[in-house]
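> Structure supplied as query_21.txt; contents: compact mmCIF, C-alpha atoms.
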```
# COMPACT_ATOMS: atom_id res chain seq x y z
CA MET A 223 24.75 19.47 10.04
CA ARG A 224 25.33 16.70 7.48
CA VAL A 225 22.72 13.96 7.20
CA VAL A 226 22.61 10.92 4.94
CA VAL A 227 19.29 9.33 4.03
CA VAL A 228 19.64 5.72 2.90
CA GLY A 229 16.80 4.90 0.51
CA ALA A 230 15.01 7.18 -1.95
CA GLY A 231 11.46 5.93 -1.64
CA VAL A 232 8.80 8.47 -0.75
CA ALA A 233 9.58 8.18 2.99
CA GLY A 234 13.28 8.79 2.45
CA LEU A 235 12.69 11.65 0.04
CA THR A 236 10.25 13.26 2.48
CA ALA A 237 12.75 12.96 5.32
CA ALA A 238 15.42 14.54 3.11
CA HIS A 239 13.03 17.30 2.03
CA GLU A 240 12.23 18.17 5.65
CA LEU A 241 15.90 18.13 6.65
CA ASP A 242 16.82 20.30 3.69
CA ARG A 243 14.12 22.81 4.64
CA ALA A 244 15.56 22.88 8.16
CA GLY A 245 18.97 23.87 6.78
CA ALA A 246 20.78 20.55 6.97
CA GLU A 247 23.18 19.39 4.26
CA VAL A 248 21.50 16.24 2.99
CA VAL A 249 22.66 13.41 0.75
CA VAL A 250 20.26 10.66 -0.36
CA LEU A 251 21.78 7.31 -1.35
CA GLU A 252 19.69 4.91 -3.45
CA ALA A 253 20.78 1.42 -4.49
CA THR A 254 18.65 1.24 -7.65
CA ASP A 255 18.87 3.37 -10.78
CA ARG A 256 16.04 5.75 -9.86
CA ALA A 257 14.31 7.42 -6.92
CA GLY A 258 10.73 6.70 -5.94
CA GLY A 259 10.59 3.22 -4.45
CA LYS A 260 7.10 1.82 -5.07
CA ILE A 261 6.09 4.99 -6.90
CA ARG A 262 7.07 4.61 -10.53
CA ARG A 263 5.87 5.88 -13.92
CA GLU A 264 6.31 4.16 -17.25
CA THR A 265 5.05 4.87 -20.75
CA VAL A 266 2.54 2.31 -21.98
CA GLY A 267 0.90 2.77 -25.37
CA GLY A 268 2.22 6.32 -25.54
CA ALA A 269 0.71 7.28 -22.17
CA ALA A 270 2.61 7.95 -18.95
CA VAL A 271 1.03 5.87 -16.20
CA ASP A 272 1.79 4.82 -12.64
CA VAL A 273 2.87 1.17 -12.41
CA GLY A 274 3.17 1.18 -8.63
CA ALA A 275 1.21 3.29 -6.17
CA GLU A 276 -1.43 5.21 -8.10
CA ALA A 277 -3.15 7.09 -5.28
CA MET A 278 -2.98 8.17 -1.66
CA VAL A 279 -5.55 8.43 1.11
CA ASN A 280 -7.23 11.80 0.76
CA ARG A 281 -8.52 11.87 4.32
CA ARG A 282 -5.01 11.85 5.79
CA PRO A 283 -3.37 15.29 5.58
CA GLU A 284 0.25 14.26 4.99
CA GLY A 285 0.06 13.31 1.32
CA ILE A 286 -2.19 15.98 -0.09
CA GLY A 287 -0.58 18.58 2.17
CA LEU A 288 2.91 17.83 0.88
CA ALA A 289 1.71 17.72 -2.72
CA ARG A 290 0.11 21.14 -2.43
CA ASP A 291 3.17 22.56 -0.65
CA LEU A 292 5.19 21.41 -3.65
CA GLY A 293 2.80 23.08 -6.10
CA LEU A 294 1.30 19.85 -7.44
CA GLU A 295 -2.34 19.58 -8.45
CA VAL A 296 -4.36 17.10 -6.41
CA VAL A 297 -7.06 15.25 -8.33
CA HIS A 298 -9.69 12.71 -7.33
CA PRO A 299 -11.11 9.65 -9.08
CA ALA A 300 -13.65 10.49 -11.75
CA LEU A 301 -15.44 7.20 -11.08
CA THR A 302 -15.56 5.23 -7.82
CA ALA A 303 -17.97 2.42 -8.66
CA SER A 304 -15.98 -0.64 -7.66
CA ARG A 305 -17.15 -4.24 -8.04
CA ILE A 306 -16.45 -7.67 -6.56
CA TRP A 307 -15.93 -10.47 -9.07
CA THR A 308 -17.27 -13.46 -7.24
CA ARG A 309 -19.78 -16.28 -7.60
CA GLY A 310 -19.56 -15.96 -11.38
CA ASP A 311 -20.48 -12.30 -11.75
CA LEU A 312 -19.35 -8.72 -11.24
CA ARG A 313 -21.29 -7.58 -8.20
CA PRO A 314 -21.64 -4.11 -6.63
CA LEU A 315 -19.43 -3.54 -3.63
CA PRO A 316 -21.75 -2.94 -0.66
CA ARG A 317 -20.98 -0.32 1.93
CA SER A 318 -18.47 -1.70 4.41
CA MET A 319 -15.57 -0.83 6.66
CA LEU A 320 -12.72 -2.81 5.10
CA GLY A 321 -15.22 -5.58 4.42
CA ALA A 322 -17.13 -5.42 7.69
CA PRO A 323 -20.70 -4.88 6.42
CA LEU A 324 -22.37 -1.60 7.32
CA ASP A 325 -25.60 -2.23 5.37
CA LEU A 326 -26.85 -5.83 5.48
CA ASP A 327 -29.71 -5.15 3.07
CA GLN A 328 -27.25 -3.78 0.53
CA LEU A 329 -25.06 -6.81 1.13
CA ALA A 330 -28.03 -9.12 0.51
CA ALA A 331 -28.91 -7.33 -2.73
CA SER A 332 -25.35 -7.68 -4.03
CA GLY A 333 -25.50 -11.48 -4.16
CA ILE A 334 -21.95 -11.73 -2.85
CA LEU A 335 -22.85 -14.18 -0.10
CA SER A 336 -24.66 -17.49 -0.24
CA PRO A 337 -28.01 -17.73 1.59
CA GLU A 338 -26.22 -19.49 4.43
CA GLY A 339 -23.48 -16.86 4.56
CA LEU A 340 -26.04 -14.05 4.57
CA ALA A 341 -28.00 -15.68 7.39
CA ARG A 342 -24.81 -15.90 9.45
CA ALA A 343 -23.96 -12.28 8.73
CA ARG A 344 -27.38 -11.19 9.96
CA HIS A 345 -26.93 -13.26 13.13
CA GLN A 346 -24.18 -11.09 14.53
CA VAL A 347 -22.16 -12.50 17.41
CA GLU A 348 -20.52 -9.93 19.66
CA ASP A 349 -16.94 -10.44 20.84
CA THR A 350 -16.57 -10.64 24.61
CA GLY A 351 -12.77 -10.42 24.59
CA PRO A 352 -10.71 -7.51 26.00
CA ASP A 353 -11.47 -4.30 24.12
CA ASP A 354 -7.80 -3.39 23.71
CA ALA A 355 -6.38 -6.81 22.81
CA ASP A 356 -5.02 -7.05 19.28
CA VAL A 357 -6.64 -9.57 16.98
CA SER A 358 -6.44 -10.28 13.28
CA VAL A 359 -8.87 -8.46 11.01
CA GLY A 360 -10.17 -11.78 9.70
CA ASP A 361 -10.79 -13.22 13.15
CA LEU A 362 -12.58 -10.09 14.35
CA VAL A 363 -14.91 -9.99 11.36
CA ALA A 364 -15.47 -13.76 11.30
CA ARG A 365 -16.53 -13.82 14.95
CA ARG A 366 -19.14 -11.16 14.35
CA TRP A 367 -20.35 -11.77 10.78
CA GLY A 368 -19.05 -15.19 9.81
CA ASP A 369 -16.34 -16.75 7.67
CA GLU A 370 -18.00 -16.02 4.34
CA VAL A 371 -17.88 -12.27 4.92
CA VAL A 372 -14.15 -12.62 5.50
CA ASP A 373 -13.60 -14.80 2.44
CA ARG A 374 -15.61 -12.74 -0.04
CA LEU A 375 -15.35 -9.17 1.28
CA VAL A 376 -12.50 -8.70 3.73
CA GLU A 377 -9.92 -10.78 1.87
CA PRO A 378 -10.24 -8.94 -1.48
CA LEU A 379 -10.27 -5.52 0.17
CA LEU A 380 -7.21 -6.19 2.35
CA GLY A 381 -5.56 -8.01 -0.54
CA GLY A 382 -5.57 -4.78 -2.48
CA VAL A 383 -3.69 -2.96 0.30
CA TYR A 384 -1.43 -5.54 1.92
CA ALA A 385 -1.61 -8.54 -0.44
CA GLY A 386 -1.86 -10.48 2.79
CA ARG A 387 -4.09 -12.87 4.70
CA ALA A 388 -6.96 -11.32 6.61
CA ARG A 389 -6.57 -13.82 9.43
CA ALA A 390 -2.95 -12.76 9.97
CA ILE A 391 -3.15 -8.96 9.68
CA SER A 392 -3.30 -6.88 12.87
CA THR A 393 -6.51 -4.95 13.42
CA LEU A 394 -4.83 -2.40 15.69
CA ALA A 395 -2.17 -1.67 13.08
CA ALA A 396 -4.05 -2.00 9.79
CA ALA A 397 -7.69 -1.28 10.64
CA PRO A 398 -8.05 0.17 14.16
CA VAL A 399 -11.48 1.57 13.31
CA LEU A 400 -12.79 -2.00 13.28
CA MET A 401 -12.16 -2.34 17.00
CA ARG A 402 -15.35 -0.41 17.64
CA TYR A 403 -17.31 -3.17 15.87
CA ARG A 404 -16.21 -6.02 18.12
CA SER A 405 -19.35 -5.49 20.17
CA GLY A 406 -22.29 -3.13 20.42
CA PRO A 407 -24.38 -1.69 17.60
CA VAL A 408 -22.87 -1.32 14.14
CA THR A 409 -23.43 2.31 13.28
CA PRO A 410 -21.80 3.65 10.10
CA PRO A 411 -19.44 6.58 10.72
CA PRO A 412 -20.63 9.94 9.40
CA ASP A 413 -19.66 10.66 5.83
CA PRO A 414 -17.03 13.42 5.94
CA GLY A 415 -18.10 14.51 2.48
CA THR A 416 -14.65 14.21 0.96
CA PRO A 417 -13.25 11.62 -1.48
CA VAL A 418 -11.48 8.65 0.05
CA PHE A 419 -8.56 8.72 -2.39
CA ALA A 420 -6.53 11.35 -4.23
CA GLY A 421 -4.06 11.30 -7.07
CA LEU A 422 -1.92 13.90 -8.78
CA ARG A 423 -2.25 15.51 -12.17
CA GLY A 424 0.30 13.63 -14.27
CA GLY A 425 0.44 10.70 -11.85
CA MET A 426 1.98 9.97 -8.47
CA GLY A 427 5.39 9.93 -10.11
CA THR A 428 5.27 13.73 -10.23
CA LEU A 429 5.57 13.75 -6.43
CA VAL A 430 8.86 11.87 -6.62
CA ASP A 431 10.13 14.10 -9.42
CA ARG A 432 9.33 17.25 -7.48
CA LEU A 433 10.85 16.02 -4.22
CA ALA A 434 14.03 14.78 -5.86
CA GLU A 435 14.75 17.76 -8.10
CA ASP A 436 16.02 19.96 -5.25
CA LEU A 437 17.90 17.19 -3.42
CA ASP A 438 21.30 15.55 -3.82
CA VAL A 439 20.08 12.07 -4.76
CA ARG A 440 22.80 9.61 -5.74
CA THR A 441 21.48 6.48 -7.42
CA GLY A 442 23.30 3.19 -7.89
CA VAL A 443 24.95 3.46 -4.46
CA VAL A 444 24.61 0.34 -2.33
CA VAL A 445 25.09 0.99 1.38
CA ARG A 446 26.40 -2.18 3.04
CA GLU A 447 27.10 -0.99 6.57
CA LEU A 448 26.76 1.89 9.01
CA THR A 449 29.71 2.67 11.24
CA ARG A 450 29.34 4.99 14.22
CA SER A 451 32.20 6.69 16.04
CA ASP A 452 32.64 9.59 18.43
CA THR A 453 32.79 11.96 15.46
CA GLY A 454 29.67 10.76 13.66
CA TRP A 455 28.66 8.20 11.09
CA SER A 456 30.68 6.66 8.29
CA VAL A 457 28.44 5.66 5.38
CA ALA A 458 29.59 4.67 1.88
CA GLY A 459 32.98 6.31 2.35
CA ASP A 460 31.76 9.63 3.71
CA THR A 461 31.12 11.07 7.18
CA TYR A 462 27.83 12.45 8.50
CA ASP A 463 26.36 13.74 11.73
CA ALA A 464 23.20 11.66 11.44
CA VAL A 465 21.66 8.93 9.32
CA VAL A 466 18.07 8.15 8.38
CA VAL A 467 17.51 4.58 7.21
CA ALA A 468 14.56 4.55 4.80
CA THR A 469 15.00 1.11 3.28
CA PRO A 470 12.58 -1.87 3.56
CA ALA A 471 12.60 -4.02 6.68
CA VAL A 472 15.10 -6.71 5.63
CA PRO A 473 17.87 -4.42 4.30
CA THR A 474 17.29 -2.14 7.29
CA ALA A 475 17.84 -5.13 9.56
CA ARG A 476 21.21 -5.78 7.91
CA LEU A 477 22.26 -2.15 8.28
CA LEU A 478 21.25 -1.97 11.95
CA ALA A 479 22.75 -5.32 12.98
CA ASP A 480 25.74 -3.76 14.73
CA VAL A 481 24.30 -0.43 15.88
CA ALA A 482 20.78 -1.41 16.99
CA PRO A 483 20.73 -5.22 17.20
CA LEU A 484 17.37 -5.56 18.95
CA ALA A 485 15.66 -3.47 16.26
CA ALA A 486 17.51 -5.44 13.58
CA ALA A 487 16.21 -8.75 14.94
CA GLU A 488 12.64 -7.48 14.94
CA LEU A 489 12.92 -6.18 11.37
CA ALA A 490 14.51 -9.38 10.09
CA ALA A 491 11.43 -11.32 11.26
CA TYR A 492 8.98 -9.42 9.02
CA GLU A 493 7.04 -11.36 6.41
CA HIS A 494 6.57 -9.74 3.00
CA ALA A 495 4.31 -10.16 0.01
CA SER A 496 5.59 -10.00 -3.56
CA VAL A 497 3.20 -8.56 -6.13
CA VAL A 498 2.99 -7.80 -9.84
CA VAL A 499 1.21 -4.95 -11.60
CA VAL A 500 0.34 -5.59 -15.26
CA THR A 501 -0.63 -2.51 -17.28
CA LEU A 502 -2.51 -3.01 -20.55
CA ALA A 503 -3.29 -0.46 -23.27
CA PHE A 504 -6.17 -1.11 -25.70
CA ASP A 505 -7.71 0.52 -28.72
CA PRO A 506 -10.86 2.23 -27.37
CA ALA A 507 -12.98 0.50 -30.03
CA ASP A 508 -12.01 -2.89 -28.61
CA VAL A 509 -13.09 -2.27 -25.01
CA PRO A 510 -16.54 -3.44 -23.83
CA PRO A 511 -18.89 -0.79 -22.35
CA VAL A 512 -18.68 -2.21 -18.82
CA VAL A 513 -15.14 -0.86 -18.55
CA ALA A 514 -16.52 2.67 -18.72
CA GLU A 515 -19.14 1.94 -16.07
CA ALA A 516 -16.92 1.00 -13.14
CA SER A 517 -13.55 1.91 -11.65
CA GLY A 518 -12.50 -1.74 -11.48
CA PHE A 519 -13.08 -4.88 -9.45
CA LEU A 520 -11.62 -6.97 -6.65
CA VAL A 521 -11.33 -10.75 -6.62
CA PRO A 522 -11.67 -12.94 -3.50
CA PRO A 523 -8.89 -15.54 -3.36
CA VAL A 524 -11.52 -18.19 -2.63
CA ASP A 525 -12.65 -17.89 -6.27
CA GLY A 526 -9.30 -19.20 -7.49
CA ARG A 527 -8.57 -16.60 -10.16
CA ALA A 528 -5.09 -15.56 -11.27
CA ILE A 529 -5.56 -11.84 -10.64
CA LYS A 530 -6.59 -10.33 -7.33
CA ALA A 531 -7.88 -7.05 -8.77
CA SER A 532 -8.23 -4.96 -11.89
CA THR A 533 -8.32 -1.18 -12.14
CA PHE A 534 -10.01 0.43 -15.14
CA SER A 535 -7.50 3.26 -14.97
CA SER A 536 -8.84 5.40 -17.80
CA SER A 537 -12.36 5.34 -16.36
CA LYS A 538 -11.27 5.72 -12.75
CA TRP A 539 -9.09 8.77 -13.36
CA GLY A 540 -10.82 10.22 -16.43
CA PHE A 541 -7.73 9.89 -18.61
CA ASP A 542 -7.83 11.53 -22.02
CA HIS A 543 -5.39 9.31 -23.88
CA ASP A 544 -5.53 7.73 -27.31
CA VAL A 545 -5.64 4.32 -25.60
CA VAL A 546 -7.73 2.82 -22.81
CA LEU A 547 -5.55 1.81 -19.88
CA LEU A 548 -6.35 -1.07 -17.55
CA ARG A 549 -4.19 -2.70 -14.95
CA THR A 550 -4.31 -5.95 -13.03
CA SER A 551 -2.52 -6.99 -9.86
CA LEU A 552 -1.35 -10.47 -8.99
CA GLY A 553 0.41 -12.04 -6.03
CA ARG A 554 -0.24 -12.50 -2.33
CA VAL A 555 1.88 -13.30 0.68
CA GLY A 556 3.35 -16.79 0.40
CA ASP A 557 2.85 -16.86 -3.37
CA GLU A 558 6.36 -16.38 -4.71
CA ARG A 559 5.54 -18.44 -7.80
CA THR A 560 3.76 -15.47 -9.35
CA LEU A 561 7.01 -13.53 -9.71
CA GLN A 562 8.65 -16.55 -11.29
CA ARG A 563 6.25 -16.52 -14.24
CA THR A 564 7.37 -14.82 -17.44
CA ASP A 565 5.99 -11.46 -18.51
CA ALA A 566 4.10 -13.18 -21.33
CA GLU A 567 2.53 -15.64 -18.89
CA LEU A 568 1.44 -12.85 -16.54
CA VAL A 569 -0.10 -10.87 -19.40
CA ALA A 570 -1.88 -13.97 -20.69
CA ALA A 571 -3.27 -14.78 -17.23
CA SER A 572 -4.51 -11.20 -16.86
CA LEU A 573 -6.18 -11.24 -20.27
CA ALA A 574 -7.85 -14.59 -19.57
CA ASP A 575 -9.38 -13.29 -16.35
CA LEU A 576 -10.44 -10.01 -17.97
CA GLN A 577 -12.16 -11.95 -20.72
CA ALA A 578 -14.03 -14.06 -18.16
CA ALA A 579 -14.93 -11.05 -15.99
CA VAL A 580 -15.92 -8.37 -18.52
CA GLY A 581 -15.83 -10.05 -21.94
CA LEU A 582 -12.66 -8.26 -23.05
CA ARG A 583 -11.31 -10.30 -25.97
CA ALA A 584 -8.99 -7.79 -27.63
CA THR A 585 -5.24 -7.97 -27.97
CA PRO A 586 -3.58 -5.04 -26.16
CA VAL A 587 -1.60 -2.57 -28.25
CA ALA A 588 1.01 -2.35 -25.47
CA THR A 589 1.76 -3.97 -22.12
CA HIS A 590 4.02 -3.42 -19.13
CA VAL A 591 4.81 -5.84 -16.30
CA GLN A 592 6.11 -4.39 -13.04
CA ARG A 593 7.36 -6.78 -10.36
CA TRP A 594 7.56 -5.70 -6.76
CA GLY A 595 9.56 -8.44 -5.01
CA ALA A 596 8.95 -8.42 -1.23
CA GLY A 597 7.12 -5.17 -1.87
CA LEU A 598 4.57 -5.15 0.94
CA PRO A 599 5.46 -5.72 4.62
CA GLN A 600 2.89 -7.72 6.54
CA TYR A 601 1.52 -6.19 9.74
CA ALA A 602 1.14 -9.28 11.91
CA VAL A 603 -0.91 -9.33 15.11
CA GLY A 604 1.17 -7.47 17.68
CA HIS A 605 2.68 -5.15 15.04
CA LEU A 606 2.33 -2.00 17.14
CA ASP A 607 4.26 -3.57 20.00
CA ARG A 608 6.95 -4.69 17.55
CA VAL A 609 7.31 -1.17 16.13
CA ALA A 610 7.53 0.25 19.65
CA ARG A 611 10.41 -2.13 20.41
CA ILE A 612 12.17 -1.17 17.17
CA ARG A 613 11.84 2.53 17.84
CA ALA A 614 12.97 2.18 21.45
CA ASP A 615 16.17 0.44 20.37
CA VAL A 616 16.83 2.94 17.56
CA ALA A 617 16.21 5.88 19.92
CA ARG A 618 19.09 4.71 22.12
CA VAL A 619 21.50 5.49 19.27
CA PRO A 620 22.14 9.25 18.85
CA GLY A 621 21.74 10.53 15.30
CA LEU A 622 19.83 7.50 13.99
CA ALA A 623 16.24 7.24 12.75
CA VAL A 624 14.22 4.86 10.59
CA CYS A 625 11.20 5.37 8.37
CA GLY A 626 9.19 3.71 5.63
CA ALA A 627 6.34 1.31 5.03
CA ALA A 628 7.49 -1.16 7.69
CA TYR A 629 6.25 0.94 10.60
CA ASP A 630 3.11 3.07 10.54
CA GLY A 631 1.31 2.20 7.30
CA VAL A 632 2.10 1.03 3.79
CA GLY A 633 0.33 3.84 1.94
CA VAL A 634 1.89 6.98 0.47
CA ALA A 635 0.46 9.33 3.11
CA ALA A 636 1.64 7.10 5.96
CA CYS A 637 5.14 6.90 4.49
CA ILE A 638 5.27 10.68 4.17
CA GLY A 639 4.32 10.98 7.84
CA SER A 640 6.99 8.42 8.72
CA GLY A 641 9.63 10.37 6.81
CA ARG A 642 8.72 13.59 8.58
CA ALA A 643 8.97 11.93 11.99
CA ALA A 644 12.40 10.53 11.14
CA ALA A 645 13.66 13.95 10.07
CA ALA A 646 12.45 15.49 13.32
CA ALA A 647 14.17 12.74 15.32
CA VAL A 648 17.65 13.59 14.04
CA LEU A 649 17.42 17.37 13.93
CA PRO A 650 19.33 19.26 16.65
CA GLY A 651 17.27 19.68 19.79
CA THR A 652 15.48 16.34 19.29
CA MET A 653 18.47 13.99 19.35
CA GLU A 654 19.32 12.33 22.65
CA PRO A 655 22.68 13.41 24.12
```
Can you dump the structure from the file as structure tokens?


Amino acid sequence: MRVVVVGAGVAGLTAAHELDRAGAEVVVLEATDRAGGKIRRETVGGAAVDVGAEAMVNRRPEGIGLARDLGLEVVHPALTASRIWTRGDLRPLPRSMLGAPLDLDQLAASGILSPEGLARARHQVEDTGPDDADVSVGDLVARRWGDEVVDRLVEPLLGGVYAGRARAISTLAAAPVLMRYRSGPVTPPPDPGTPVFAGLRGGMGTLVDRLAEDLDVRTGVVVRELTRSDTGWSVAGDTYDAVVVATPAVPTARLLADVAPLAAAELAAYEHASVVVVTLAFDPADVPPVVAEASGFLVPPVDGRAIKASTFSSSKWGFDHDVVLLRTSLGRVGDERTLQRTDAELVAASLADLQAAVGLRATPVATHVQRWGAGLPQYAVGHLDRVARIRADVARVPGLAVCGAAYDGVGVAACIGSGRAAAAAVLPGTMEP
């Protein structure tokens, strides 16, 4: 069986890996000059560092399970003390579920909310709507705890994952656990006793390297159409028995226009956020002590800062480099102007906010600016129904599957799970006749 995987992000590489293990002859076609998608390593100040995804959810089995199967060493953050930069100060992040407060006394002590906002948060209003009706994360939290909790807690936390708007992101798709807090008592879930996040020794880029090294990955190949006949699929001048499309929503829509038009129309309607990751390397002597005391901070958009977050990478991961590495992220959905700024402007904006937040006044010894245009699909209210319609249309076409961040989660672990499901869908015995 010959299978082509279009797209060499982590979902596509996982699909190819699973197909290869099952004995299929697999070719991976990638339009850019390297595999990995949003997982990428660069050298900054002499240190190899992730400039895209830097971690995966540890409490989902797909990511850490695949890493261990590949012989990679899973590591966890050395420091997890995150802060919120708001109301003129770096404030401790109180215990919450994606911003929904789980400890109101801790929230009060943080100083994140105004007295009026705190009073509203304490006066919880239960939602009387249908328990299974989708609603935006922002609307759900605002109804129960008030607008200020959304603006200063939910927005920065979701901004770090989706770079989106809390009042537009689907709770059922992005934060289904919050559905239990629409009404009734707010009881924190039991602590499973395991870290929330995991990384890999040497960075997440090692996962891409290991997956790709045993596969036939052909970079610089732009796939413009898929043609299906009675004998199989014609893709980029070659013939295959099946095809897995592992590209982002918009290019996938173009590829599926003729073979699965209903799915293509749904995918073409996705909204995306463009983001930038700025990595900065400093002489250790120039870095203020606060950088060693926290893993980083988040920034509510209501505060009007240029950056939306900063990660103190060396402290968070316990790096032993000759430089101290920090990174900032900029850009949210609807803010395409950020990507239009020059590298120098983005670095300057990051440095200005770091100076205001932590007193960092030094000039970096090295910088790197990574742009991710249309990098994060937005999971609008009703997303699960949309994905069901996409998959139903794709399933009507024998030998076709889709996977990636557009469907079941934007994180590394979710994309790995998506890739595995796509591989299973096109293997003999699972394809429709």

> So which one's closest to A:Val648, A:Val383, A:Ala610, A:Leu335, A:Ala464? Using only C-alpha atoms, please.

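Closest residue, counting only C-alpha atoms: A:Ala464.
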
> Using only C-alpha atoms, can you tell me which of A:Trp594, A:Phe534, A:Tyr403, A:Phe419 comes closest to A:Met278?

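Checking each of A:Trp594, A:Phe534, A:Tyr403, A:Phe419 against A:Met278, counting only C-alpha atoms, the winner is A:Phe419.
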
> Could you check which residues have any atom within 10 Å of (-29.1, 5.2, 6.2), counting only C-alpha atoms with coordinates taken straight from the file, and then list them as a VMD selection string?

chain A and resid 324 to 325 409 to 410

> Find the residues near A:Tyr629: any atom within 10 Å, counting only C-alpha atoms, skip ones fewer than 2 places away on the same chain, and give them as a compact mmCIF listing (two decimals) with C-alpha atoms, in the coordinates of the input.


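Below is the file that was written, out_1.txt:
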```txt
# COMPACT_ATOMS: atom_id res chain seq x y z
CA ALA A 395 -2.17 -1.67 13.08
CA PRO A 470 12.58 -1.87 3.56
CA ALA A 471 12.60 -4.02 6.68
CA LEU A 489 12.92 -6.18 11.37
CA PRO A 599 5.46 -5.72 4.62
CA TYR A 601 1.52 -6.19 9.74
CA HIS A 605 2.68 -5.15 15.04
CA LEU A 606 2.33 -2.00 17.14
CA ARG A 608 6.95 -4.69 17.55
CA VAL A 609 7.31 -1.17 16.13
CA ALA A 610 7.53 0.25 19.65
CA ILE A 612 12.17 -1.17 17.17
CA ARG A 613 11.84 2.53 17.84
CA VAL A 624 14.22 4.86 10.59
CA CYS A 625 11.20 5.37 8.37
CA GLY A 626 9.19 3.71 5.63
CA ALA A 627 6.34 1.31 5.03
CA GLY A 631 1.31 2.20 7.30
CA VAL A 632 2.10 1.03 3.79
CA ALA A 636 1.64 7.10 5.96
CA CYS A 637 5.14 6.90 4.49
CA SER A 640 6.99 8.42 8.72
```

> Within 12 Å of (22.3, 10.0, 2.6) in the file's own coordinates, which protein, DNA or RNA residues have an atom, counting all atoms listed in the file? List them as a ChimeraX atom specification.

/A:224-230,234-235,237-239,241-242,246-253,437-441,443-445,448,455-469,622

> Using all atoms listed in the file, which residues sit within 10 Å of stretch 284-299 of chain A once same-chain residues fewer than 4 positions away are excluded, as a ChimeraX atom specification?

/A:236,277-280,303,416-426,428-429,432-433,517,535-540,633-640,642

> Tell me, in Å to one decimal, how far atom CA of A:Leu380 is from atom CA of A:Ala269.

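Taking atom CA of A:Leu380 as the start and atom CA of A:Ala269 as the end point, the length is 29.1 Å.
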
> Skipping near chain neighbours, those fewer than 3 positions away, what residues fall within 6 Å of stretch 352-365 of chain A using all atoms listed in the file, listed as a ChimeraX atom specification?

/A:368-369,372,388-394,603
